[in-house]
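upload.pdb, holding PDB, C-alpha atoms:
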ATOM      1  CA  MET A1433      -4.251 -11.735  50.333
ATOM      2  CA  ALA A1434      -2.824 -13.193  47.148
ATOM      3  CA  GLN A1435       0.930 -13.314  46.751
ATOM      4  CA  VAL A1436       0.844 -10.845  43.875
ATOM      5  CA  ASP A1437      -1.031  -8.368  46.075
ATOM      6  CA  GLN A1438       1.521  -8.769  48.869
ATOM      7  CA  ILE A1439       4.412  -8.176  46.482
ATOM      8  CA  ARG A1440       2.682  -5.154  44.966
ATOM      9  CA  ASN A1441       2.012  -3.656  48.411
ATOM     10  CA  GLN A1442       5.598  -4.261  49.528
ATOM     11  CA  LEU A1443       6.874  -2.535  46.402
ATOM     12  CA  ILE A1444       4.528   0.401  46.929
ATOM     13  CA  ASN A1445       5.754   0.823  50.511
ATOM     14  CA  LYS A1446       9.380   0.723  49.379
ATOM     15  CA  ILE A1447       8.742   3.192  46.558
ATOM     16  CA  LEU A1448       7.003   5.595  48.948
ATOM     17  CA  SER A1449      10.153   5.733  51.064
ATOM     18  CA  ILE A1450      12.483   6.573  48.141
ATOM     19  CA  ARG A1451      13.561  10.218  47.976
ATOM     20  CA  ASN A1452      16.124   9.940  45.168
ATOM     21  CA  THR A1453      14.543  11.579  42.098
ATOM     22  CA  GLU A1454      16.949  10.003  39.604
ATOM     23  CA  PHE A1455      16.273   6.556  41.030
ATOM     24  CA  LEU A1456      12.509   7.087  40.808
ATOM     25  CA  ILE A1457      12.799   8.274  37.205
ATOM     26  CA  ALA A1458      14.870   5.207  36.325
ATOM     27  CA  LEU A1459      12.357   2.970  38.101
ATOM     28  CA  ASP A1460       9.521   4.628  36.192
ATOM     29  CA  HIS A1461      11.303   3.948  32.887
ATOM     30  CA  LEU A1462      11.910   0.337  33.893
ATOM     31  CA  ILE A1463       8.286  -0.230  34.824
ATOM     32  CA  SER A1464       6.980   1.573  31.734
ATOM     33  CA  SER A1465       9.211  -0.375  29.363
ATOM     34  CA  GLY A1466       8.215  -3.683  30.915
ATOM     35  CA  GLU A1467       4.473  -3.246  30.597
ATOM     36  CA  MET A1468       2.738  -6.256  29.173
ATOM     37  CA  LYS A1469       1.688  -5.801  25.593
ATOM     38  CA  LYS A1470      -1.159  -7.942  24.385
ATOM     39  CA  GLU A1471       0.294  -9.693  21.417
ATOM     40  CA  VAL A1472      -1.214 -12.555  19.483
ATOM     41  CA  ILE A1473       1.254 -15.345  18.914
ATOM     42  CA  GLU A1474       0.672 -17.396  15.805
ATOM     43  CA  PHE A1475       1.810 -21.013  15.905
ATOM     44  CA  THR A1476       2.855 -23.059  12.926
ATOM     45  CA  LYS A1477       0.891 -26.225  12.184
ATOM     46  CA  GLU A1478       3.833 -28.215  13.553
ATOM     47  CA  GLN A1479       3.817 -26.266  16.814
ATOM     48  CA  GLU A1480       0.062 -26.741  17.171
ATOM     49  CA  LEU A1481       0.513 -30.482  16.606
ATOM     50  CA  MET A1482       3.249 -30.655  19.265
ATOM     51  CA  ILE A1483       1.047 -28.800  21.757
ATOM     52  CA  LYS A1484      -1.860 -31.158  21.034
ATOM     53  CA  MET A1485       0.416 -34.188  21.459
ATOM     54  CA  SER A1486       1.729 -32.788  24.745
ATOM     55  CA  GLU A1487      -1.789 -32.206  26.041
ATOM     56  CA  GLU A1488      -2.691 -35.799  25.125
ATOM     57  CA  ASP A1489       0.403 -37.036  26.977
ATOM     58  CA  ILE A1490      -0.708 -35.167  30.096
ATOM     59  CA  ILE A1491      -4.301 -36.434  29.848
ATOM     60  CA  ASN A1492      -3.085 -40.019  29.406
ATOM     61  CA  GLY A1493      -0.588 -39.833  32.263
ATOM     62  CA  ARG A1494       2.490 -40.045  30.066
ATOM     63  CA  THR A1495       4.506 -37.711  32.266
ATOM     64  CA  THR A1496       7.476 -37.954  34.599
ATOM     65  CA  ASN A1497       8.612 -35.894  37.553
ATOM     66  CA  HIS A1498      11.776 -33.811  37.465
ATOM     67  CA  ASN A1499      13.874 -36.192  39.576
ATOM     68  CA  GLN A1500      12.992 -39.196  37.432
ATOM     69  CA  PHE A1501      13.687 -37.180  34.290
ATOM     70  CA  MET A1502      17.130 -36.225  35.598
ATOM     71  CA  GLU A1503      17.925 -39.841  36.490
ATOM     72  CA  ASN A1504      16.807 -41.042  33.056
ATOM     73  CA  THR A1505      18.817 -38.335  31.320
ATOM     74  CA  THR A1506      21.945 -39.100  33.345
ATOM     75  CA  GLU A1507      21.636 -42.795  32.519
ATOM     76  CA  TRP A1508      21.074 -42.012  28.829
ATOM     77  CA  LEU A1509      24.163 -39.779  28.747
ATOM     78  CA  LYS A1510      26.269 -42.513  30.377
ATOM     79  CA  GLN A1511      25.161 -44.954  27.685
ATOM     80  CA  LYS A1512      25.981 -42.438  24.945
ATOM     81  CA  LYS A1513      29.529 -41.991  26.279
ATOM     82  CA  GLY A1514      30.015 -45.705  25.947
TER      83      GLY A1514
END
Entire entry expressed as structure tokens:
Amino acid sequence: MAQVDQIRNQLINKILSIRNTEFLIALDHLISSGEMKKEVIEFTKEQELMIKMSEEDIINGRTTNHNQFMENTTEWLKQKKG
């Protein structure tokens, strides 16, 4: 079973045990207000260019892992401080 299915089933079981009407109403409002709305996001030409450049970096192996990034950033900050 996929993780999302497990989480959904756990939530359903918890909700079924709730007897507090006010809590259930509040939960209903929370879930209803958080529903995903399909919205088209328009990118500027600059944003599209940055995405394309990033994809090329990934394809060409120009990436770094988080730990190396943190080490590089720490070293860069030390140099900036003088």
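Take CA of Thr1496 in chain A and CA of Ile1473 in chain A: the distance between them is 28.2 Å.
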Atom-to-atom span, CA of Gly1493 in chain A and CA of Glu1480 in chain A, Å: 20.0 Å
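Taking CA of Gln1438 in chain A and CA of His1498 in chain A as the two end points, the separation is 29.4 Å.
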